[in-house]
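**Student:** Structure below; questions to follow.
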Number of protein chains: 2
Amino acid sequence: MFKPVTIKDIAKALNLSTSTVSRALRGGYEISEETKKIVLEYAEKINFTRNPIALSLKERRSYSIGIIVCEVANVFFSQAIDGIESIAYSKGYHTIISQSHDQYEREVTNIQHLANRSVDGIIISLAAETKDYSHIEKLHAQGLPIVFFDRILESMNTHKVTSNNTQGAFDATEYLISKGVKKIAHLANAKQLSITEQRKIGYLNALEKHNIPFDENYVKYCEHGGSKKGEVDTAIKELLDLPVKPDAIFVASDRLSIGCLEALKKYNPKNDILIAGFSNSDVVNLLKPSLSYVRQPAFEMGRIATEMLINLIESKYPVEEFETKILDTTFHINE
Amino acid sequence: MFKPVTIKDIAKALNLSTSTVSRALRGGYEISEETKKIVLEYAEKINFTRNPIALSLKERRSYSIGIIVCEVANVFFSQAIDGIESIAYSKGYHTIISQSHDQYEREVTNIQHLANRSVDGIIISLAAETKDYSHIEKLHAQGLPIVFFDRILESMNTHKVTSNNTQGAFDATEYLISKGVKKIAHLANAKQLSITEQRKIGYLNALEKHNIPFDENYVKYCEHGGSKKGEVDTAIKELLDLPVKPDAIFVASDRLSIGCLEALKKYNPKNDILIAGFSNSDVVNLLKPSLSYVRQPAFEMGRIATEMLINLIESKYPVEEFETKILDTTFHINE
DNA sequence: TATATCTGTGCAATCGTTGCCGGCAACGAT
DNA sequence: ATCGTTGCCGGCAACGATTGCACAGATATA
């Protein structure tokens with residue numbers, strides 16, 4: 001059995017009380033230098049580390065942060081996680097990552113799990129499927145600090161971080177227009193997601209600016225964010241089967257971009273459709289068909305969300321003023 | 001402040017002792033049906049969940065499993081994590097993921113952190129940089145259950161899961177040979193990794209079988225697994241600058257494959273070098289230059305590793321017999 | 001009626017750590 | 001000589017949940 005050393009062991013060995021040992025280890029001013037030295041040396045020798053579980057119980061907090069994303073395999077999210085960790089670790093927190101796989105059920109289970117595990121706060125990007133938010137609202141009402149990033153819940157009064165989705169979508173769409181295309185389809189994420197709406201607005205704005213009429217048939221939503229087998233495939237096929245085939249597609253997410261490219265490779269070998277979309281992939285430059293892309297500052301978003309969360313956690317008084325931070329995207333062309 | 005309900009609250013409200021409440025909630029046979037019902041209903045009503053931290057302290061275990069991989073952004077690892085989670089959740093464990101980013105320091109910190117957090121066991125794939133194993137050996141000696149997957153530590157006596165790296169490497173190399181090339185370079189991972197050695201053996205076996213002489217200059221090691229900026233770039237440049245330029249490259253990992261393709265795109269626009277390598281990427285079919293690839297059963301590896309670990313954790317007696325499971329890879333051609 | 005058995009409940013200890021109170025000795029000031 | 005102060009340390013309780021043991025009351029048996 002794995003049995004770590006405790007301060008009791010030290011106390012017994014050194015013939016001291018546990019409280020004395022405890023204080024000596026924390027450098028309490030009420031302990032003589034001599035005793036301190038003895039305790040510290042012995043603790044070092046037997047490789048003592050204090051039990052954070054016991055501490056969590058006593059302090060009613062765990063110095064850990066829960067993260068919920070749809071999947072870690074998505075580069076946008078893994079970069080955001082790196083950003084979260086960079087701040088969390090530096091401030092003495094550790095992280096517990098869990099994946100919703102864009103499923104509502106798993107989001108509920110996971111957030112419950114995290115709250116039970118006594119995380120001090122949660123950073124979350126909503127699952128594509130989620131339409132009911134009571135599981136989150138309940139915890140928030142109980143006082144659990146929550147920060148949203150990327151896919152935010154507009155209606156909840158807390159800190160939020162997103163990128164400038166509207167601008168990014170506008171840039172991508174306008175780029176397509178600049179290439180001379182006019183029939184620009186839009187492959188979108190689940191309808192109820194904040195990012196879906198924002199990106200669609202950017203797309204519409206670009207069309208409007210250039211006097212291109214909007215056709216609702218050119219917009220396809222993927223209710224599972226592309227996680228469901230065949231979802232993107234079907235959407236693309238439907239677009240290709242339209243009476244007037246689109247000559248470009250603006251894709252709303254990384255996940256969808258991949259599915260889109262795969263489907264096009266299959267159904268449109270002529271490769272005469274221009275594509276631009278959101279992507280943080282590191283292989284985006286190697287893809288064929290090529291993909292011009294909007295990149296979000298994922299790492300930075302993670303950092304900021306974490307700073308916000310730790311502020312909430314460590315605030316002595318209930319926070320009333322909340323902030324929504326919007327970061328700029330960048331656009332990159334791949335001919 | 002976030003303050004969950006405790007059994008004390010229930011006890012007070014119902015005028016019972018905490019022990020009665022506790023037993024009623026666990027369905028203890030010694031409690032009258034009537035009392036049980038009252039307690040259960042009230043607990044339900046006020047949304048009681050037991051505090052797992054308190055339980056961990058008492059039971060000396062946390063029902064959580066630590067995972068250490070180099071990075072979650074790597075598809076092989078994220079698939080393995082999905083496999084780990086599938087078993088872990090079904091058996092009532094939850095997971096704590098941490099990333100070494102192929103750095104020795106972070107591996108040490110993370111494993112320490114996990115052990116402190118009282119995980120019941122650890123599943124680990126070694127960082128590329130790691131050459132000293134005492135941080136792991138120490139915990140293992142203390143009785144912490146550890147299972148290796150992918151990048152294993154041969155010398156440690158515990159359960160291990162790998163794929164058949166030698167066979168996979170052989171398949172890839174032989175495929176290249178079958179395409180008529182003879183000057184096959186090998187872009188390898190850090191020298192000390194188990195997978196590096198195994199994959200090199202497969203490469204050598206294929207060369208030998210087809211009577212192709214081995215040239216040490218054709219093998220390039222990446223000591224940081226491709227995590228360090230410019231590492232792969234340099235290696236590829238060196239290969240291209242050799243007096244006799246290779247006409248094919250066998251690449252040992254996903255991470256390296258990407259770097260390799262990028263470098264080749266830059267330095268070898270003629271695109272006259274054939275590439276085959278290990279990859280679990282979901283976009284591998286969309287890449288240009290194209291990449292024939294060896295795929296590992298990552299999900300399955302995660303599942304098996306977790307079953308092994310939970311066996312170790314839940315075993316009543318110290319386990320003496322350890323197993324090394326080797327799973328088959330598959331090879332896929334991309335012309 | 002006295003004793004044994006059984007049912008339902010409470011008490012107290014436990015896990016590791018820390019906060020708080022209080023005790024003891026040595027010291028200086030009065 | 002007495003009092004107050006200070007330095008150093010031990011003991012107790014508490015965080016939340018579980019559990020062995022004890023005990024009260026009811027019922028059954030001798």
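We name chains A, B, ... following the order of the structure tokens; residues begin at 1 in each chain, and ligands are numbered from 1 as shown.
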So which bits of region 81-125 of chain A end up strand (DSSP E) when you DSSP the backbone, as a list in words?
**Tutor:**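 Here is the list: His94, Thr95, Ile96, Ile97, Ser98, Gln99, Gly121, Ile122, Ile123 and Ile124 of chain A.
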**Student:** Neighbouring residues of DG11 (chain D) were defined as those with any atom within 12 Å, considering only C-alpha atoms (C1' of nucleotides); residues of the same chain fewer than 3 positions away were excluded. Please report them as an MDAnalysis selection string.
**Tutor:** (chainID A and resid 16:20) or (chainID C and resid 20:23)
**Student:** Counting only C-alpha atoms, figure out which residue out of A:Ser290, A:Gln296, A:Thr329, A:Thr158 gets nearest to chain B.
**Tutor:**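 Nearest to chain B: A:Ser290.
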**Student:** What residues in chain A lie within 12 Å of chain D, counting only C-alpha atoms (C1' of nucleotides), written as an mmCIF file with N, CA and C atoms, in the first residue's frame?
**Tutor:**
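iface.cif written:
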```
data_model
loop_
_atom_site.group_PDB
_atom_site.id
_atom_site.type_symbol
_atom_site.label_atom_id
_atom_site.label_comp_id
_atom_site.auth_asym_id
_atom_site.auth_seq_id
_atom_site.Cartn_x
_atom_site.Cartn_y
_atom_site.Cartn_z
ATOM 1 N N ALA A 11 6.444 14.226 14.002
ATOM 2 C CA ALA A 11 6.269 14.595 15.406
ATOM 3 C C ALA A 11 6.737 13.459 16.318
ATOM 4 N N ASN A 15 9.817 13.691 18.707
ATOM 5 C CA ASN A 15 9.293 13.950 20.034
ATOM 6 C C ASN A 15 8.735 15.369 20.182
ATOM 7 N N LEU A 16 7.961 15.741 19.216
ATOM 8 C CA LEU A 16 7.321 17.057 19.252
ATOM 9 C C LEU A 16 5.822 16.855 19.053
ATOM 10 N N SER A 17 5.078 17.906 19.179
ATOM 11 C CA SER A 17 3.654 17.788 18.880
ATOM 12 C C SER A 17 3.423 18.099 17.407
ATOM 13 N N THR A 18 2.305 17.593 16.892
ATOM 14 C CA THR A 18 2.016 17.820 15.482
ATOM 15 C C THR A 18 1.894 19.307 15.185
ATOM 16 N N SER A 19 1.348 20.046 16.095
ATOM 17 C CA SER A 19 1.177 21.468 15.822
ATOM 18 C C SER A 19 2.527 22.163 15.706
ATOM 19 N N THR A 20 3.438 21.782 16.535
ATOM 20 C CA THR A 20 4.762 22.370 16.449
ATOM 21 C C THR A 20 5.400 22.059 15.096
ATOM 22 N N VAL A 21 5.285 20.813 14.705
ATOM 23 C CA VAL A 21 5.847 20.420 13.414
ATOM 24 C C VAL A 21 5.201 21.220 12.297
ATOM 25 N N SER A 22 3.892 21.293 12.351
ATOM 26 C CA SER A 22 3.167 22.031 11.325
ATOM 27 C C SER A 22 3.686 23.457 11.220
ATOM 28 N N ARG A 23 3.793 24.097 12.365
ATOM 29 C CA ARG A 23 4.228 25.490 12.337
ATOM 30 C C ARG A 23 5.676 25.636 11.899
ATOM 31 N N ALA A 24 6.476 24.697 12.314
ATOM 32 C CA ALA A 24 7.881 24.751 11.917
ATOM 33 C C ALA A 24 7.987 24.662 10.396
ATOM 34 N N GLY A 28 6.438 29.214 10.899
ATOM 35 C CA GLY A 28 5.758 30.024 11.907
ATOM 36 C C GLY A 28 6.761 30.761 12.785
ATOM 37 N N TYR A 29 6.457 31.991 13.079
ATOM 38 C CA TYR A 29 7.391 32.832 13.819
ATOM 39 C C TYR A 29 7.504 32.429 15.287
ATOM 40 N N GLU A 30 6.560 31.596 15.734
ATOM 41 C CA GLU A 30 6.545 31.270 17.161
ATOM 42 C C GLU A 30 7.438 30.077 17.491
ATOM 43 N N ILE A 31 8.140 29.587 16.485
ATOM 44 C CA ILE A 31 8.974 28.409 16.699
ATOM 45 C C ILE A 31 10.444 28.811 16.682
ATOM 46 N N SER A 32 11.217 28.261 17.590
ATOM 47 C CA SER A 32 12.628 28.632 17.663
ATOM 48 C C SER A 32 13.367 28.159 16.412
ATOM 49 N N GLU A 33 14.357 28.925 16.079
ATOM 50 C CA GLU A 33 15.141 28.611 14.884
ATOM 51 C C GLU A 33 15.670 27.189 14.940
ATOM 52 N N GLU A 34 16.072 26.810 16.114
ATOM 53 C CA GLU A 34 16.691 25.502 16.287
ATOM 54 C C GLU A 34 15.702 24.394 15.937
ATOM 55 N N THR A 35 14.535 24.457 16.553
ATOM 56 C CA THR A 35 13.501 23.452 16.286
ATOM 57 C C THR A 35 13.147 23.427 14.811
ATOM 58 N N LYS A 36 12.975 24.609 14.272
ATOM 59 C CA LYS A 36 12.645 24.719 12.857
ATOM 60 C C LYS A 36 13.633 23.944 12.007
ATOM 61 N N ILE A 53 -5.136 16.715 0.314
ATOM 62 C CA ILE A 53 -6.516 16.298 0.548
ATOM 63 C C ILE A 53 -6.968 16.773 1.932
ATOM 64 N N ALA A 54 -6.103 16.529 2.897
ATOM 65 C CA ALA A 54 -6.435 16.960 4.253
ATOM 66 C C ALA A 54 -6.608 18.472 4.290
ATOM 67 N N LEU A 55 -5.726 19.133 3.563
ATOM 68 C CA LEU A 55 -5.779 20.582 3.517
ATOM 69 C C LEU A 55 -7.069 21.058 2.875
ATOM 70 N N SER A 56 -7.436 20.408 1.804
ATOM 71 C CA SER A 56 -8.667 20.774 1.102
ATOM 72 C C SER A 56 -9.847 20.650 2.048
ATOM 73 N N LEU A 57 -9.838 19.582 2.810
ATOM 74 C CA LEU A 57 -10.960 19.365 3.717
ATOM 75 C C LEU A 57 -11.044 20.497 4.730
ATOM 76 N N LYS A 58 -9.909 20.825 5.256
ATOM 77 C CA LYS A 58 -9.894 21.852 6.281
ATOM 78 C C LYS A 58 -10.189 23.240 5.714
ATOM 79 N N GLU A 59 -9.537 23.554 4.619
ATOM 80 C CA GLU A 59 -9.658 24.892 4.074
ATOM 81 C C GLU A 59 -10.908 25.069 3.230
ATOM 82 N N ARG A 60 -11.590 23.999 2.990
ATOM 83 C CA ARG A 60 -12.771 24.045 2.134
ATOM 84 C C ARG A 60 -12.436 24.551 0.733
ATOM 85 N N ARG A 61 -11.267 24.248 0.274
ATOM 86 C CA ARG A 61 -10.925 24.556 -1.105
ATOM 87 C C ARG A 61 -9.767 23.679 -1.527
#
```
**Student:** At a cut-off of 7 Å, can you tabulate as a tab-separated table every residue of chain B near chain A together with its closest atom pair and the distance in Å to one decimal, using only C-alpha atoms and ordering rows by chain then number?
**Tutor:**
```
residue	atom	partner	partner_atom	distance
B:Met1	CA	A:Gly143	CA	5.5
B:Phe2	CA	A:Gly143	CA	4.5
B:Asn51	CA	A:Asn116	CA	6.5
B:Pro52	CA	A:Arg117	CA	6.1
B:Ile53	CA	A:Leu57	CA	6.1
B:Ala54	CA	A:Leu57	CA	6.0
B:Leu57	CA	A:Ala54	CA	6.0
B:Val72	CA	A:Val72	CA	6.0
B:Ala73	CA	A:Ala73	CA	5.3
B:Asn74	CA	A:Ala73	CA	6.9
B:Val75	CA	A:Ala73	CA	5.8
B:Ser78	CA	A:Ala73	CA	5.4
B:Ile96	CA	A:Ile96	CA	5.4
B:Ile97	CA	A:Ile97	CA	6.3
B:Asn116	CA	A:Asn51	CA	6.4
B:Arg117	CA	A:Pro52	CA	6.1
B:Gln142	CA	A:Phe2	CA	5.7
B:Gly143	CA	A:Phe2	CA	4.5
B:Leu144	CA	A:Phe2	CA	5.3
B:Ile258	CA	A:Val283	CA	6.8
B:Val283	CA	A:Ile258	CA	6.8
B:Leu286	CA	A:Leu287	CA	5.4
B:Leu287	CA	A:Leu287	CA	4.8
B:Lys288	CA	A:Leu286	CA	5.4
```
**Student:** Take the residues from that selection and write them out as a PDB file, in the first residue's frame, keeping N, CA and C atoms.
**Tutor:**
```
ATOM      1  N   MET B   1     -19.813  32.656  -0.952  1.00  0.00           N
ATOM      2  CA  MET B   1     -19.000  31.427  -0.821  1.00  0.00           C
ATOM      3  C   MET B   1     -19.796  30.185  -1.191  1.00  0.00           C
ATOM      4  N   PHE B   2     -19.094  29.278  -1.798  1.00  0.00           N
ATOM      5  CA  PHE B   2     -19.702  28.036  -2.252  1.00  0.00           C
ATOM      6  C   PHE B   2     -19.692  27.036  -1.102  1.00  0.00           C
ATOM      7  N   ASN B  51     -19.215  14.629   0.201  1.00  0.00           N
ATOM      8  CA  ASN B  51     -17.955  15.301  -0.065  1.00  0.00           C
ATOM      9  C   ASN B  51     -16.846  14.273  -0.305  1.00  0.00           C
ATOM     10  N   PRO B  52     -16.386  14.175  -1.555  1.00  0.00           N
ATOM     11  CA  PRO B  52     -15.391  13.150  -1.869  1.00  0.00           C
ATOM     12  C   PRO B  52     -14.030  13.442  -1.247  1.00  0.00           C
ATOM     13  N   ILE B  53     -13.806  14.686  -0.925  1.00  0.00           N
ATOM     14  CA  ILE B  53     -12.542  15.042  -0.292  1.00  0.00           C
ATOM     15  C   ILE B  53     -12.461  14.400   1.093  1.00  0.00           C
ATOM     16  N   ALA B  54     -13.538  14.535   1.834  1.00  0.00           N
ATOM     17  CA  ALA B  54     -13.572  13.943   3.164  1.00  0.00           C
ATOM     18  C   ALA B  54     -13.397  12.434   3.061  1.00  0.00           C
ATOM     19  N   LEU B  57      -9.855  11.446   2.338  1.00  0.00           N
ATOM     20  CA  LEU B  57      -9.014  11.553   3.518  1.00  0.00           C
ATOM     21  C   LEU B  57      -9.165  10.311   4.377  1.00  0.00           C
ATOM     22  N   VAL B  72      -1.708  16.803 -25.058  1.00  0.00           N
ATOM     23  CA  VAL B  72      -3.037  16.357 -25.437  1.00  0.00           C
ATOM     24  C   VAL B  72      -3.365  16.730 -26.878  1.00  0.00           C
ATOM     25  N   ALA B  73      -2.646  17.712 -27.420  1.00  0.00           N
ATOM     26  CA  ALA B  73      -2.924  18.130 -28.790  1.00  0.00           C
ATOM     27  C   ALA B  73      -2.539  17.050 -29.792  1.00  0.00           C
ATOM     28  N   ASN B  74      -1.718  16.130 -29.363  1.00  0.00           N
ATOM     29  CA  ASN B  74      -1.315  15.024 -30.222  1.00  0.00           C
ATOM     30  C   ASN B  74      -2.446  13.997 -30.290  1.00  0.00           C
ATOM     31  N   VAL B  75      -2.895  13.730 -31.498  1.00  0.00           N
ATOM     32  CA  VAL B  75      -4.093  12.904 -31.647  1.00  0.00           C
ATOM     33  C   VAL B  75      -3.915  11.507 -31.066  1.00  0.00           C
ATOM     34  N   SER B  78      -4.636  11.971 -27.474  1.00  0.00           N
ATOM     35  CA  SER B  78      -6.016  12.295 -27.113  1.00  0.00           C
ATOM     36  C   SER B  78      -6.934  11.098 -27.337  1.00  0.00           C
ATOM     37  N   ILE B  96      -7.189  12.750 -14.032  1.00  0.00           N
ATOM     38  CA  ILE B  96      -6.503  14.033 -13.998  1.00  0.00           C
ATOM     39  C   ILE B  96      -5.404  13.986 -15.041  1.00  0.00           C
ATOM     40  N   ILE B  97      -5.550  14.819 -16.059  1.00  0.00           N
ATOM     41  CA  ILE B  97      -4.618  14.788 -17.177  1.00  0.00           C
ATOM     42  C   ILE B  97      -3.531  15.814 -16.960  1.00  0.00           C
ATOM     43  N   ASN B 116       1.015  13.677  -4.874  1.00  0.00           N
ATOM     44  CA  ASN B 116       0.545  14.483  -3.754  1.00  0.00           C
ATOM     45  C   ASN B 116      -0.965  14.568  -3.707  1.00  0.00           C
ATOM     46  N   ARG B 117      -1.544  14.717  -4.857  1.00  0.00           N
ATOM     47  CA  ARG B 117      -3.000  14.860  -4.923  1.00  0.00           C
ATOM     48  C   ARG B 117      -3.659  13.537  -4.627  1.00  0.00           C
ATOM     49  N   GLN B 142       7.456   3.134  -3.401  1.00  0.00           N
ATOM     50  CA  GLN B 142       6.564   3.437  -2.276  1.00  0.00           C
ATOM     51  C   GLN B 142       5.218   2.741  -2.413  1.00  0.00           C
ATOM     52  N   GLY B 143       5.000   2.114  -3.535  1.00  0.00           N
ATOM     53  CA  GLY B 143       3.779   1.324  -3.674  1.00  0.00           C
ATOM     54  C   GLY B 143       2.701   1.959  -4.536  1.00  0.00           C
ATOM     55  N   LEU B 144       3.012   3.074  -5.176  1.00  0.00           N
ATOM     56  CA  LEU B 144       2.014   3.698  -6.050  1.00  0.00           C
ATOM     57  C   LEU B 144       1.900   2.905  -7.352  1.00  0.00           C
ATOM     58  N   ILE B 258       4.577  15.847 -39.073  1.00  0.00           N
ATOM     59  CA  ILE B 258       4.119  17.184 -39.429  1.00  0.00           C
ATOM     60  C   ILE B 258       5.300  18.097 -39.711  1.00  0.00           C
ATOM     61  N   VAL B 283      -6.399  14.032 -40.084  1.00  0.00           N
ATOM     62  CA  VAL B 283      -6.342  14.760 -41.351  1.00  0.00           C
ATOM     63  C   VAL B 283      -5.284  14.187 -42.272  1.00  0.00           C
ATOM     64  N   LEU B 286      -5.636  14.261 -45.928  1.00  0.00           N
ATOM     65  CA  LEU B 286      -5.765  15.555 -46.597  1.00  0.00           C
ATOM     66  C   LEU B 286      -4.416  16.235 -46.786  1.00  0.00           C
ATOM     67  N   LEU B 287      -3.368  15.558 -46.333  1.00  0.00           N
ATOM     68  CA  LEU B 287      -2.072  16.224 -46.342  1.00  0.00           C
ATOM     69  C   LEU B 287      -1.401  16.180 -47.700  1.00  0.00           C
ATOM     70  N   LYS B 288      -0.630  17.209 -47.966  1.00  0.00           N
ATOM     71  CA  LYS B 288       0.150  17.297 -49.186  1.00  0.00           C
ATOM     72  C   LYS B 288       1.486  17.889 -48.828  1.00  0.00           C
TER      73      LYS B 288
END
```
**Student:** Env of Val219 (chain A): 12 Å cut, atoms = only C-alpha atoms (C1' of nucleotides), seq-sep filter 2 positions within chain, self excluded. Answer as a compact mmCIF listing (two decimals) with C-alpha atoms, in the first residue's frame.
**Tutor:**
```txt
# COMPACT_ATOMS: atom_id res chain seq x y z
CA LYS A 183 -22.23 32.12 -54.11
CA ILE A 184 -20.77 31.70 -50.67
CA ALA A 185 -22.18 28.98 -48.48
CA HIS A 186 -21.77 28.89 -44.72
CA LEU A 187 -21.14 25.68 -42.81
CA ALA A 188 -22.10 26.53 -39.26
CA ASN A 189 -21.96 25.00 -35.83
CA ALA A 190 -24.96 24.22 -33.63
CA LYS A 191 -27.52 26.99 -33.86
CA THR A 196 -22.52 30.39 -34.28
CA GLU A 197 -24.59 33.51 -34.11
CA ARG A 199 -19.89 34.21 -36.93
CA LYS A 200 -23.03 34.23 -38.95
CA TYR A 203 -20.70 36.45 -42.71
CA LEU A 204 -23.89 38.41 -43.31
CA PHE A 214 -28.22 36.25 -48.73
CA ASP A 215 -29.70 32.85 -49.43
CA GLU A 216 -30.82 30.86 -46.39
CA ASN A 217 -30.28 27.62 -48.30
CA TYR A 221 -26.00 24.00 -39.26
CA CYS A 222 -24.32 21.06 -37.59
CA ALA A 235 -24.37 18.99 -45.01
CA ILE A 236 -21.78 19.30 -47.75
CA GLU A 238 -26.75 18.99 -49.59
CA LEU A 239 -24.85 22.12 -50.53
CA LEU A 242 -28.40 22.68 -54.60
CA PRO A 246 -21.92 27.36 -54.17
CA ALA A 248 -17.11 28.99 -51.93
CA ILE A 249 -17.73 27.94 -48.36
CA PHE A 250 -17.08 29.79 -45.16
CA VAL A 251 -16.63 27.20 -42.43
CA ALA A 252 -17.28 28.12 -38.83
```
**Student:** Show me which bits of chain C are within 8 Å of chain A, counting only C-alpha atoms (C1' of nucleotides), as a PDB file with C-alpha atoms (C1' of nucleotides), in the first residue's frame.
**Tutor:**
```
ATOM      1  C1'  DC C  15      -8.017  10.325   8.257  1.00  0.00           C
ATOM      2  C1'  DG C  16      -3.868  14.915   8.092  1.00  0.00           C
ATOM      3  C1'  DT C  17      -3.577  19.556   8.954  1.00  0.00           C
ATOM      4  C1'  DT C  18      -4.033  23.982  11.174  1.00  0.00           C
TER       5       DT C  18
END
```
**Student:** Residues of region 95-161 of chain B classed as helix (DSSP H, G or I) by DSSP on the backbone are to be reported as a ChimeraX atom specification.
**Tutor:** /B:104-116,134-141
**Student:** Could you jot down the CA of Ser100 (chain A) to CA of Val161 (chain B) separation for me, Å, one decimal place?
**Tutor:**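 Taking CA of Ser100 (chain A) and CA of Val161 (chain B), their separation equals 26.5 Å.
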**Student:** Hey, which of A:Ile123, A:Phe48, A:Ser86, A:Lys266 ends up closest to Arg106 (chain B)? Count only C-alpha atoms.
**Tutor:**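 Distance minimum relative to Arg106 (chain B) lands on A:Ser86.
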**Student:** Name the residues in contact with Asn157 (chain A) at a cut-off of 10 Å, using only C-alpha atoms (C1' of nucleotides), excluding same-chain residues fewer than 2 positions from it; report them as a tab-separated table (two decimals) with C-alpha atoms, in the first residue's frame.
**Tutor:**
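Final output, selection.tsv:
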```tsv
chain	number	residue	atom	x	y	z
A	137	GLU	CA	-26.92	28.04	-13.41
A	140	HIS	CA	-23.37	29.42	-10.22
A	146	ILE	CA	-17.47	30.08	-13.36
A	147	VAL	CA	-15.80	31.69	-16.36
A	153	LEU	CA	-23.57	31.70	-22.17
A	154	GLU	CA	-24.64	35.26	-22.82
A	155	SER	CA	-27.40	35.21	-20.27
A	159	HIS	CA	-16.74	36.80	-16.70
A	160	LYS	CA	-16.44	35.75	-20.33
A	320	GLU	CA	-20.73	42.06	-8.80
A	321	GLU	CA	-19.05	43.60	-11.81
A	322	PHE	CA	-18.34	41.23	-14.65
A	323	GLU	CA	-16.34	41.64	-17.78
A	324	THR	CA	-16.53	40.23	-21.29
```
**Student:** Within 12 Å of Asp328 (chain B), counting only C-alpha atoms (C1' of nucleotides), which residues qualify if same-chain residues fewer than 6 places away don't, as a PDB file with N, CA and C atoms, in the first residue's frame?
**Tutor:**
```
ATOM      1  N   VAL B 161       1.810  -1.333 -21.802  1.00  0.00           N
ATOM      2  CA  VAL B 161       1.073  -1.516 -23.055  1.00  0.00           C
ATOM      3  C   VAL B 161       1.782  -0.762 -24.170  1.00  0.00           C
ATOM      4  N   THR B 162       2.078  -1.441 -25.230  1.00  0.00           N
ATOM      5  CA  THR B 162       2.615  -0.735 -26.392  1.00  0.00           C
ATOM      6  C   THR B 162       1.940  -1.283 -27.638  1.00  0.00           C
ATOM      7  N   SER B 163       2.203  -0.632 -28.744  1.00  0.00           N
ATOM      8  CA  SER B 163       1.800  -1.256 -29.996  1.00  0.00           C
ATOM      9  C   SER B 163       3.023  -1.970 -30.543  1.00  0.00           C
ATOM     10  N   ASN B 164       2.803  -2.739 -31.563  1.00  0.00           N
ATOM     11  CA  ASN B 164       3.912  -3.483 -32.150  1.00  0.00           C
ATOM     12  C   ASN B 164       4.725  -2.544 -33.032  1.00  0.00           C
ATOM     13  N   ASN B 165       5.573  -1.806 -32.360  1.00  0.00           N
ATOM     14  CA  ASN B 165       6.326  -0.765 -33.048  1.00  0.00           C
ATOM     15  C   ASN B 165       7.259  -1.317 -34.104  1.00  0.00           C
ATOM     16  N   THR B 166       7.863  -2.432 -33.778  1.00  0.00           N
ATOM     17  CA  THR B 166       8.811  -3.024 -34.719  1.00  0.00           C
ATOM     18  C   THR B 166       8.105  -3.437 -36.011  1.00  0.00           C
ATOM     19  N   GLN B 167       6.983  -4.104 -35.849  1.00  0.00           N
ATOM     20  CA  GLN B 167       6.217  -4.534 -37.015  1.00  0.00           C
ATOM     21  C   GLN B 167       5.732  -3.326 -37.817  1.00  0.00           C
ATOM     22  N   GLY B 168       5.221  -2.335 -37.117  1.00  0.00           N
ATOM     23  CA  GLY B 168       4.720  -1.135 -37.791  1.00  0.00           C
ATOM     24  C   GLY B 168       5.814  -0.471 -38.610  1.00  0.00           C
ATOM     25  N   ALA B 169       6.975  -0.341 -38.000  1.00  0.00           N
ATOM     26  CA  ALA B 169       8.101   0.289 -38.682  1.00  0.00           C
ATOM     27  C   ALA B 169       8.533  -0.557 -39.874  1.00  0.00           C
ATOM     28  N   ASP B 171       6.614  -2.560 -41.646  1.00  0.00           N
ATOM     29  CA  ASP B 171       5.602  -2.403 -42.693  1.00  0.00           C
ATOM     30  C   ASP B 171       5.830  -1.125 -43.488  1.00  0.00           C
ATOM     31  N   VAL B 294       1.420   4.437 -40.470  1.00  0.00           N
ATOM     32  CA  VAL B 294       1.192   3.353 -39.527  1.00  0.00           C
ATOM     33  C   VAL B 294       0.284   3.896 -38.440  1.00  0.00           C
ATOM     34  N   ARG B 295      -0.814   3.225 -38.210  1.00  0.00           N
ATOM     35  CA  ARG B 295      -1.742   3.698 -37.184  1.00  0.00           C
ATOM     36  C   ARG B 295      -1.708   2.773 -35.979  1.00  0.00           C
ATOM     37  N   GLN B 296      -1.644   3.376 -34.800  1.00  0.00           N
ATOM     38  CA  GLN B 296      -1.659   2.594 -33.573  1.00  0.00           C
ATOM     39  C   GLN B 296      -3.061   2.586 -32.989  1.00  0.00           C
ATOM     40  N   PRO B 297      -3.436   1.493 -32.337  1.00  0.00           N
ATOM     41  CA  PRO B 297      -4.755   1.422 -31.722  1.00  0.00           C
ATOM     42  C   PRO B 297      -4.771   2.178 -30.403  1.00  0.00           C
ATOM     43  N   ALA B 298      -4.740   3.497 -30.515  1.00  0.00           N
ATOM     44  CA  ALA B 298      -4.543   4.336 -29.336  1.00  0.00           C
ATOM     45  C   ALA B 298      -5.655   4.161 -28.302  1.00  0.00           C
ATOM     46  N   GLU B 300      -7.673   1.709 -27.815  1.00  0.00           N
ATOM     47  CA  GLU B 300      -7.567   0.388 -27.198  1.00  0.00           C
ATOM     48  C   GLU B 300      -6.398   0.336 -26.207  1.00  0.00           C
ATOM     49  N   MET B 301      -5.308   0.957 -26.558  1.00  0.00           N
ATOM     50  CA  MET B 301      -4.161   0.984 -25.649  1.00  0.00           C
ATOM     51  C   MET B 301      -4.537   1.668 -24.341  1.00  0.00           C
TER      52      MET B 301
END
```
**Student:** Neighbouring residues of Lys131 (chain A) were defined as those with any atom within 9 Å, considering only C-alpha atoms (C1' of nucleotides); residues of the same chain fewer than 5 positions away were excluded. Please report them as a list in words.
**Tutor:**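 Once the nearby chain positions are removed, what remains is Tyr104, Gln192 and Leu193 of chain A.
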